[in-house]
Amino acid sequence: MDWFYIQGILMLAGINLIAVLGLSLLTGFTGLFSFGHAGFMAIGAYLGAFMTVSPTTSPAGLGLPFAVGVIAGGAGAGIVSYFIGRITLNLKGDYFCIATLGFGEAIRLILNNVQLFGGSRGWPGVPYKSTLPAIIIVDILAVIFLANLVRSRHGRNMIAVREEELAAQIAGINVFKYKMIALVVSAVYAGVAGVFFGHYMTFIQPKMFSMTKSTELTIIVIFGGLGSISGSVLGALLLTALPEILRAFEIWRLVFYGAAVILIMISRPKGLMGGMELTPAGLRKARNERKARILALKESKNGQNGEAGLG
Amino acid sequence: MADILEISRLTKRFGGLAAVNDVSFSVPEGGIFGLIGPNGAGKTTIFNLITGVYSLTEGDVRFRGKSISGLPPFKIADMGITRTFQNIRLFKNLTVFENVLTACHLGASYSIIDSVLRLPRFRKEEKALFKKAENLLSIMGLTERRDLVANNLPYGMQRRLEIVRALALDPTLLLLDEPAAGMNPDETEQLMRLIVRIRDEFKLSVLVIEHHMDLIMGICEQIVVLNFGIKLAEGCAADISKDPKVIEAYLGATEEV
Ligand SMILES: Nc1ncnc2c1ncn2[C@@H]1O[C@H](COP(=O)(O)OP(=O)(O)OP(=O)(O)O)[C@@H](O)[C@H]1O
Ligand SMILES: [Mg+2]
């Protein structure tokens, strides 16, 4: 394995990670499942390409700098998600999930028919702009933004929505608003990931953003552990690299991939990290929780006296 | 004393069933008000109507003189009405402290930008929220369980934590839905004292649903009795327990508790 190959895997993992981090906020922290986030990636990829593709090589293309493409892709996906949220976030539980699935497929079908962008044949000539350092910087910024958001009253409100929606409302939390924030942030992340993806592949095609892609992202979040940023990071790195490493096994590759995921989920049903964070503060919190649980167990064993003192 | 909550001609129909039918009563400010009745009488439905979880079919709910019917639950909570649930609804996977801290959120106003950039406003307000949560835990005797995941709390403590979480919103009206359910007489006794203490210390009004007659008779200044969604009687504990209509409704209905 040469560096070029490894670098390619790292870049793909880093790009996936951007999208996974966004989805982690929506699914892991706010408790909303989506099977359409590849649609937001597609919006990012196509909008980004529209900004950067040189007008001389393709009829659609403005030839603007890559940074403009990144911003446009993220913003575009965010804006679309806002309108999707307006329609779907009032739906109860599973209906939101189904609506996102429909959205993702609709985006793909629309792009299949936009001849300006090459339709289903795809759109070649996207400039190669994604570099490993740029992806790493975006990943780091994405983690910092997410970690700081999650550890604030806004993040706690989202977690409350995940834990117990009715109780969250009664605690004065505007559930719709916080679901919307989570959705828009996750869509912006997916959009940015899409821009980087397009400018890494240099060729984009609607079928790259199918439901399989959406499902892959959701699987990574669940695999890493709902409500854990470190879990999402580990999950994205492992599950992007794994299929590539397994490429040597040819047709058995997906079998091994599936088996590996199933094995982890059986041995760790709450995912790799199970809601825990691999940070000094995260480990301290986990230790304190364990200590408190052991103490509580001891007390309840020492007779029922431990329960007294309600007044 | 002024009335903090006025319920007038409240009706809620589920299809053909009138779960609450033309019920009116008022909760005086600073009072502890009891709501009793056999199973399925419509007590919880009234709480759901007050807190905006259900939309009412007819009638009006006024809080501090203003109509609150039609408002979403989070706005009603923001105005100062909060509640506990008959079947406990804690944030199960969060610790005791996190449960309370989350509910303290109305005390802060920093934005998402403030949070992401960790600006001074975030730090200052966040510190105040932590302090408030710690303080509540210590007043309510839960400091020792601070780091325990709510799900692992003993049952009685879970009920208490739900009350603490409600208090974190600085309510002026607290609705308790069967707070003593599943408690032994000892715990019930302690809970009674706790409710009175909360009312005095936090200066709020309490509306409590309960099947434990000792609790209701012991602390409620005024009681409304419901049966099949209809108001059967209203009065002080002594009157209620002598009312023949109430006795009849309860024959065989509440002996279980
Ligand atoms: N969401 C709903 N849809 C349909 N019917 C409902 C709904 N909520 C309550 N009901 C019905 O309304 C009636 C009153 O229910 P409610 O829960 O208010 O009773 P309750 O007085 O709290 O009884 P309990 O003591 O058992 O808690 C019951 O017949 C119940 O089946
Ligand atoms: Mg009830």
# chains A, B, ... in the order shown; residues from 1 in each chain; ligands from 1
$ residues_around --residues "A:Ile144" --least-positions-apart "2" --cutoff "12 Å" --atoms "only C-alpha atoms" --output "CSV table (one decimal) with all heavy atoms, in the first residue's frame"
chain,number,residue,atom,x,y,z
A,18,ILE,N,-17.2,14.4,7.9
A,18,ILE,CA,-17.9,15.7,8.0
A,18,ILE,C,-19.5,15.4,8.0
A,18,ILE,O,-20.2,15.9,8.8
A,18,ILE,CB,-17.6,16.6,6.8
A,18,ILE,CG1,-16.1,16.8,6.7
A,18,ILE,CG2,-18.3,17.9,6.9
A,18,ILE,CD1,-15.6,17.5,5.4
A,21,LEU,N,-20.6,13.6,11.3
A,21,LEU,CA,-20.7,14.5,12.4
A,21,LEU,C,-22.0,15.2,12.5
A,21,LEU,O,-22.7,15.4,13.5
A,21,LEU,CB,-19.5,15.5,12.4
A,21,LEU,CG,-18.2,14.9,12.8
A,21,LEU,CD1,-17.1,15.9,12.5
A,21,LEU,CD2,-18.1,14.5,14.3
A,137,ILE,N,-8.6,20.1,8.4
A,137,ILE,CA,-8.9,21.4,9.0
A,137,ILE,C,-10.5,21.5,9.2
A,137,ILE,O,-11.0,21.8,10.2
A,137,ILE,CB,-8.4,22.6,8.3
A,137,ILE,CG1,-6.9,22.6,8.4
A,137,ILE,CG2,-9.0,23.9,8.7
A,137,ILE,CD1,-6.2,23.6,7.6
A,138,VAL,N,-11.2,21.1,8.1
A,138,VAL,CA,-12.7,21.2,8.2
A,138,VAL,C,-13.2,20.2,9.2
A,138,VAL,O,-14.1,20.5,10.0
A,138,VAL,CB,-13.3,20.9,6.8
A,138,VAL,CG1,-14.8,20.8,6.9
A,138,VAL,CG2,-13.0,22.0,5.9
A,139,ASP,N,-12.6,19.0,9.3
A,139,ASP,CA,-13.0,18.0,10.3
A,139,ASP,C,-12.8,18.6,11.7
A,139,ASP,O,-13.7,18.4,12.5
A,139,ASP,CB,-12.1,16.7,10.1
A,139,ASP,CG,-12.7,15.8,9.0
A,139,ASP,OD1,-13.9,15.9,8.7
A,139,ASP,OD2,-11.9,15.0,8.5
A,140,ILE,N,-11.6,19.2,11.9
A,140,ILE,CA,-11.4,19.7,13.3
A,140,ILE,C,-12.4,20.8,13.6
A,140,ILE,O,-13.0,20.8,14.7
A,140,ILE,CB,-9.9,20.2,13.4
A,140,ILE,CG1,-8.9,19.0,13.3
A,140,ILE,CG2,-9.7,21.0,14.7
A,140,ILE,CD1,-7.5,19.4,13.2
A,141,LEU,N,-12.6,21.7,12.7
A,141,LEU,CA,-13.6,22.8,12.9
A,141,LEU,C,-15.0,22.2,13.2
A,141,LEU,O,-15.7,22.6,14.1
A,141,LEU,CB,-13.6,23.8,11.7
A,141,LEU,CG,-12.4,24.7,11.6
A,141,LEU,CD1,-12.6,25.5,10.3
A,141,LEU,CD2,-12.2,25.5,12.8
A,142,ALA,N,-15.3,21.2,12.4
A,142,ALA,CA,-16.6,20.5,12.6
A,142,ALA,C,-16.8,19.9,13.9
A,142,ALA,O,-17.8,20.0,14.6
A,142,ALA,CB,-16.8,19.5,11.5
A,146,LEU,N,-19.3,21.2,16.9
A,146,LEU,CA,-20.3,20.3,17.4
A,146,LEU,C,-20.2,20.1,18.9
A,146,LEU,O,-21.1,20.1,19.6
A,146,LEU,CB,-20.1,18.9,16.6
A,146,LEU,CG,-21.2,17.9,16.9
A,146,LEU,CD1,-22.6,18.4,16.5
A,146,LEU,CD2,-20.9,16.6,16.1
A,147,ALA,N,-18.9,19.9,19.3
A,147,ALA,CA,-18.7,19.6,20.7
A,147,ALA,C,-19.2,20.8,21.6
A,147,ALA,O,-19.8,20.7,22.6
A,147,ALA,CB,-17.2,19.4,21.0
A,148,ASN,N,-18.9,22.0,21.1
A,148,ASN,CA,-19.3,23.2,21.9
A,148,ASN,C,-20.8,23.4,21.8
A,148,ASN,O,-21.4,23.9,22.8
A,148,ASN,CB,-18.6,24.5,21.4
A,148,ASN,CG,-17.1,24.5,21.8
A,148,ASN,OD1,-16.7,23.7,22.7
A,148,ASN,ND2,-16.4,25.5,21.3
A,149,LEU,N,-21.4,23.1,20.7
A,149,LEU,CA,-22.9,23.2,20.6
A,149,LEU,C,-23.5,22.2,21.6
A,149,LEU,O,-24.4,22.5,22.3
A,149,LEU,CB,-23.3,23.0,19.2
A,149,LEU,CG,-24.8,22.9,19.0
A,149,LEU,CD1,-25.4,24.3,19.4
A,149,LEU,CD2,-25.1,22.6,17.5
A,150,VAL,N,-23.0,21.0,21.5
A,150,VAL,CA,-23.6,19.9,22.3
A,150,VAL,C,-23.5,20.2,23.8
A,150,VAL,O,-24.4,20.0,24.6
A,150,VAL,CB,-23.0,18.6,22.0
A,150,VAL,CG1,-23.3,17.5,23.0
A,150,VAL,CG2,-23.5,18.1,20.6
A,151,ARG,N,-22.4,20.8,24.2
A,151,ARG,CA,-22.2,21.1,25.6
A,151,ARG,C,-22.6,22.6,25.9
A,151,ARG,O,-21.8,23.4,26.3
A,151,ARG,CB,-20.7,20.9,26.1
A,151,ARG,CG,-20.4,19.4,26.1
A,151,ARG,CD,-18.9,19.2,26.3
A,151,ARG,NE,-18.1,19.9,25.3
A,151,ARG,CZ,-17.1,20.7,25.5
A,151,ARG,NH1,-16.7,20.8,26.8
A,151,ARG,NH2,-16.5,21.3,24.6
A,229,ILE,N,-19.5,12.0,20.1
A,229,ILE,CA,-18.8,12.5,19.0
A,229,ILE,C,-17.6,11.7,18.7
A,229,ILE,O,-17.2,11.4,17.5
A,229,ILE,CB,-18.4,14.0,19.3
A,229,ILE,CG1,-19.6,14.9,19.4
A,229,ILE,CG2,-17.5,14.6,18.2
A,229,ILE,CD1,-19.4,16.3,19.9
A,230,SER,N,-16.9,11.2,19.8
A,230,SER,CA,-15.7,10.4,19.5
A,230,SER,C,-16.1,9.1,18.8
A,230,SER,O,-15.4,8.6,18.0
A,230,SER,CB,-15.0,10.0,20.8
A,230,SER,OG,-15.6,10.6,22.0
B,115,SER,N,-22.3,29.9,22.3
B,115,SER,CA,-21.8,28.6,22.8
B,115,SER,C,-20.7,28.1,22.0
B,115,SER,O,-19.7,27.6,22.5
B,115,SER,CB,-23.0,27.6,22.7
B,115,SER,OG,-24.2,28.1,22.8
B,116,VAL,N,-20.8,28.2,20.7
B,116,VAL,CA,-19.8,27.6,19.8
B,116,VAL,C,-18.4,28.3,20.0
B,116,VAL,O,-17.4,27.7,20.0
B,116,VAL,CB,-20.2,27.7,18.3
B,116,VAL,CG1,-19.1,27.3,17.4
B,116,VAL,CG2,-21.4,26.8,18.1
B,117,LEU,N,-18.5,29.6,20.2
B,117,LEU,CA,-17.2,30.4,20.4
B,117,LEU,C,-16.8,30.5,21.8
B,117,LEU,O,-15.8,31.2,22.2
B,117,LEU,CB,-17.3,31.8,19.7
B,117,LEU,CG,-17.6,31.7,18.2
B,117,LEU,CD1,-17.7,33.2,17.7
B,117,LEU,CD2,-16.4,31.0,17.5
B,118,ARG,N,-17.6,30.0,22.7
B,118,ARG,CA,-17.4,30.0,24.1
B,118,ARG,C,-17.1,31.5,24.6
B,118,ARG,O,-16.1,31.8,25.3
B,118,ARG,CB,-16.2,29.1,24.5
B,118,ARG,CG,-16.5,27.6,24.4
B,118,ARG,CD,-17.5,27.2,25.4
B,118,ARG,NE,-17.6,25.8,25.6
B,118,ARG,CZ,-18.7,25.1,25.2
B,118,ARG,NH1,-19.7,25.7,24.6
B,118,ARG,NH2,-18.8,23.8,25.5
$ residues_near_ligand --ligand "ligand 2" --cutoff "9 Å" --atoms "only C-alpha atoms and all ligand atoms" --output "list of chain:residue names"
B:Asn39, B:Gly40, B:Ala41, B:Gly42, B:Lys43, B:Thr44, B:Thr45, B:Phe47, B:Phe85, B:Gln86, B:Asn87, B:Asp177, B:Glu178, B:Ile209, B:Glu210
$ residues_near_ligand --ligand "ligand 1" --cutoff "12 Å" --atoms "only C-alpha atoms and all ligand atoms" --output "NGL selection string"
:B and (11-21 or 35-49 or 53-56 or 85-87 or 176-179 or 181 or 208-212 or 225-231 or 253-254 or 256-257)
$ closest_residue --among "B:Leu173, B:Val246, B:Ala168, B:Leu71" --to "B:Val100" --atoms "only C-alpha atoms"
B:Ala168
$ closest_atom_pairs --of "chain A" --to "chain B" --cutoff "8 Å" --atoms "only C-alpha atoms" --output "tab-separated table"
residue	atom	partner	partner_atom	distance
A:Ile144	CA	B:Val116	CA	7.7
A:Phe145	CA	B:Val116	CA	5.5
A:Leu146	CA	B:Val116	CA	7.8
A:Asn148	CA	B:Val116	CA	4.9
A:Leu149	CA	B:Val116	CA	5.5
A:Ser152	CA	B:Ser115	CA	6.0
A:Arg153	CA	B:His105	CA	5.9
A:His154	CA	B:Ile112	CA	6.9
A:Arg156	CA	B:Thr102	CA	5.8
A:Asn157	CA	B:Thr102	CA	6.5
A:Ala160	CA	B:Phe91	CA	6.3
A:Glu163	CA	B:Phe91	CA	5.1
A:Glu164	CA	B:Phe91	CA	5.9
A:Ala167	CA	B:Arg89	CA	6.1
A:Gln169	CA	B:Phe74	CA	4.9
A:Ile170	CA	B:Phe74	CA	5.8
A:Ala171	CA	B:Ala103	CA	5.7
A:Gly172	CA	B:Phe74	CA	4.0
A:Ile173	CA	B:Phe74	CA	5.5
A:Asn174	CA	B:Phe74	CA	5.7
A:Asn288	CA	B:Asp147	CA	6.1
A:Glu289	CA	B:Asp147	CA	5.2
A:Arg290	CA	B:Leu148	CA	7.9
A:Ala292	CA	B:Leu148	CA	5.1
A:Arg293	CA	B:Leu148	CA	5.9
A:Ala296	CA	B:Leu153	CA	7.8
A:Glu307	CA	B:Pro154	CA	7.5
A:Ala308	CA	B:Glu187	CA	7.6
A:Gly309	CA	B:Gln190	CA	7.7
A:Leu310	CA	B:Gln190	CA	5.4
A:Gly311	CA	B:Gln190	CA	4.7
$ closest_residue --among "A:Gly76, A:Gly225, A:Pro55, A:Pro206" --to "A:Arg121" --atoms "only C-alpha atoms"
A:Pro206
$ residues_around --residues "A:Ser130" --least-positions-apart "2" --cutoff "6 Å" --atoms "only C-alpha atoms" --output "JSON, numbers by chain"
{"A": [196, 199, 200]}
$ write_last_selection --atoms "all heavy atoms" --output "PDB file, in the first residue's frame"
ATOM      1  N   PHE A 196     -16.726  18.621  -0.906  1.00  0.00           N
ATOM      2  CA  PHE A 196     -15.393  18.006  -0.856  1.00  0.00           C
ATOM      3  C   PHE A 196     -15.372  16.692  -1.640  1.00  0.00           C
ATOM      4  O   PHE A 196     -14.399  16.371  -2.315  1.00  0.00           O
ATOM      5  CB  PHE A 196     -14.953  17.778   0.596  1.00  0.00           C
ATOM      6  CG  PHE A 196     -14.315  18.993   1.208  1.00  0.00           C
ATOM      7  CD1 PHE A 196     -15.064  19.908   1.934  1.00  0.00           C
ATOM      8  CD2 PHE A 196     -12.948  19.243   1.039  1.00  0.00           C
ATOM      9  CE1 PHE A 196     -14.483  21.034   2.482  1.00  0.00           C
ATOM     10  CE2 PHE A 196     -12.359  20.364   1.582  1.00  0.00           C
ATOM     11  CZ  PHE A 196     -13.120  21.267   2.305  1.00  0.00           C
ATOM     12  N   HIS A 199     -15.189  17.396  -5.355  1.00  0.00           N
ATOM     13  CA  HIS A 199     -13.883  17.931  -5.742  1.00  0.00           C
ATOM     14  C   HIS A 199     -12.738  16.979  -5.414  1.00  0.00           C
ATOM     15  O   HIS A 199     -11.583  17.296  -5.623  1.00  0.00           O
ATOM     16  CB  HIS A 199     -13.655  19.295  -5.078  1.00  0.00           C
ATOM     17  CG  HIS A 199     -14.554  20.359  -5.635  1.00  0.00           C
ATOM     18  ND1 HIS A 199     -15.861  20.485  -5.268  1.00  0.00           N
ATOM     19  CD2 HIS A 199     -14.331  21.322  -6.581  1.00  0.00           C
ATOM     20  CE1 HIS A 199     -16.416  21.484  -5.920  1.00  0.00           C
ATOM     21  NE2 HIS A 199     -15.507  22.009  -6.731  1.00  0.00           N
ATOM     22  N   TYR A 200     -13.107  15.799  -4.876  1.00  0.00           N
ATOM     23  CA  TYR A 200     -12.125  14.725  -4.711  1.00  0.00           C
ATOM     24  C   TYR A 200     -12.277  13.738  -5.871  1.00  0.00           C
ATOM     25  O   TYR A 200     -11.304  13.351  -6.507  1.00  0.00           O
ATOM     26  CB  TYR A 200     -12.330  14.017  -3.367  1.00  0.00           C
ATOM     27  CG  TYR A 200     -11.599  12.707  -3.254  1.00  0.00           C
ATOM     28  CD1 TYR A 200     -10.213  12.684  -3.059  1.00  0.00           C
ATOM     29  CD2 TYR A 200     -12.279  11.499  -3.344  1.00  0.00           C
ATOM     30  CE1 TYR A 200      -9.543  11.477  -2.976  1.00  0.00           C
ATOM     31  CE2 TYR A 200     -11.609  10.294  -3.255  1.00  0.00           C
ATOM     32  CZ  TYR A 200     -10.238  10.285  -3.075  1.00  0.00           C
ATOM     33  OH  TYR A 200      -9.575   9.098  -2.986  1.00  0.00           O
TER      34      TYR A 200
END
$ closest_residue --among "A:Val126, A:Leu254, A:Ala187, A:Ala241" --to "A:Val80" --atoms "only C-alpha atoms"
A:Ala187
$ decode --residues "stretch 119-130 of chain A" --atoms "all heavy atoms" --output "compact mmCIF listing (two decimals), in the first residue's frame"
# COMPACT_ATOMS: atom_id res chain seq x y z
N GLY A 119 -27.21 14.92 -16.33
CA GLY A 119 -28.23 13.93 -16.03
C GLY A 119 -27.66 12.70 -15.34
O GLY A 119 -26.72 12.81 -14.54
N SER A 120 -28.20 11.54 -15.71
CA SER A 120 -27.77 10.32 -15.01
C SER A 120 -26.37 9.89 -15.46
O SER A 120 -25.74 9.07 -14.81
CB SER A 120 -28.79 9.21 -15.25
OG SER A 120 -28.85 8.96 -16.65
N ARG A 121 -25.90 10.42 -16.57
CA ARG A 121 -24.56 10.04 -17.05
C ARG A 121 -23.48 10.64 -16.15
O ARG A 121 -22.35 10.17 -16.11
CB ARG A 121 -24.34 10.52 -18.48
CG ARG A 121 -24.92 9.58 -19.54
CD ARG A 121 -24.94 10.24 -20.90
NE ARG A 121 -25.89 11.35 -20.94
CZ ARG A 121 -25.55 12.62 -21.11
NH1 ARG A 121 -24.30 12.96 -21.25
NH2 ARG A 121 -26.48 13.57 -21.11
N GLY A 122 -23.83 11.68 -15.45
CA GLY A 122 -22.85 12.28 -14.53
C GLY A 122 -22.21 13.53 -15.11
O GLY A 122 -22.45 13.91 -16.26
N TRP A 123 -21.43 14.17 -14.26
CA TRP A 123 -20.85 15.47 -14.61
C TRP A 123 -19.34 15.39 -14.41
O TRP A 123 -18.85 15.46 -13.28
CB TRP A 123 -21.47 16.52 -13.69
CG TRP A 123 -21.17 17.93 -14.08
CD1 TRP A 123 -20.47 18.38 -15.16
CD2 TRP A 123 -21.57 19.10 -13.36
NE1 TRP A 123 -20.41 19.75 -15.18
CE2 TRP A 123 -21.08 20.22 -14.07
CE3 TRP A 123 -22.29 19.31 -12.20
CZ2 TRP A 123 -21.28 21.52 -13.67
CZ3 TRP A 123 -22.49 20.61 -11.78
CH2 TRP A 123 -22.00 21.71 -12.51
N PRO A 124 -18.58 15.25 -15.48
CA PRO A 124 -17.13 15.21 -15.34
C PRO A 124 -16.55 16.62 -15.31
O PRO A 124 -17.28 17.60 -15.53
CB PRO A 124 -16.68 14.46 -16.59
CG PRO A 124 -17.73 14.74 -17.61
CD PRO A 124 -19.00 15.08 -16.89
N GLY A 125 -15.28 16.71 -15.04
CA GLY A 125 -14.61 18.00 -15.14
C GLY A 125 -14.72 18.85 -13.89
O GLY A 125 -14.46 20.06 -13.93
N VAL A 126 -15.10 18.25 -12.78
CA VAL A 126 -15.08 19.01 -11.53
C VAL A 126 -13.60 19.13 -11.11
O VAL A 126 -12.89 18.12 -11.11
CB VAL A 126 -15.88 18.29 -10.42
CG1 VAL A 126 -15.88 19.11 -9.14
CG2 VAL A 126 -17.29 18.01 -10.89
N PRO A 127 -13.12 20.34 -10.84
CA PRO A 127 -11.69 20.48 -10.53
C PRO A 127 -11.30 19.69 -9.27
O PRO A 127 -12.08 19.59 -8.32
CB PRO A 127 -11.50 21.98 -10.31
CG PRO A 127 -12.85 22.52 -10.05
CD PRO A 127 -13.83 21.62 -10.76
N TYR A 128 -10.09 19.15 -9.28
CA TYR A 128 -9.58 18.41 -8.12
C TYR A 128 -9.08 19.43 -7.11
O TYR A 128 -8.00 20.00 -7.27
CB TYR A 128 -8.46 17.47 -8.55
CG TYR A 128 -7.96 16.58 -7.44
CD1 TYR A 128 -8.62 15.41 -7.11
CD2 TYR A 128 -6.83 16.92 -6.71
CE1 TYR A 128 -8.19 14.60 -6.09
CE2 TYR A 128 -6.38 16.11 -5.67
CZ TYR A 128 -7.06 14.95 -5.38
OH TYR A 128 -6.63 14.15 -4.35
N LYS A 129 -9.87 19.70 -6.08
CA LYS A 129 -9.52 20.76 -5.12
C LYS A 129 -9.40 20.25 -3.69
O LYS A 129 -8.87 20.93 -2.83
CB LYS A 129 -10.58 21.87 -5.16
CG LYS A 129 -10.63 22.66 -6.44
CD LYS A 129 -9.49 23.64 -6.51
CE LYS A 129 -9.62 24.49 -7.78
NZ LYS A 129 -8.48 25.38 -7.97
N SER A 130 -10.01 19.09 -3.40
CA SER A 130 -9.98 18.59 -2.02
C SER A 130 -8.58 18.09 -1.69
O SER A 130 -8.07 17.20 -2.35
CB SER A 130 -10.97 17.44 -1.87
OG SER A 130 -12.27 17.88 -2.17
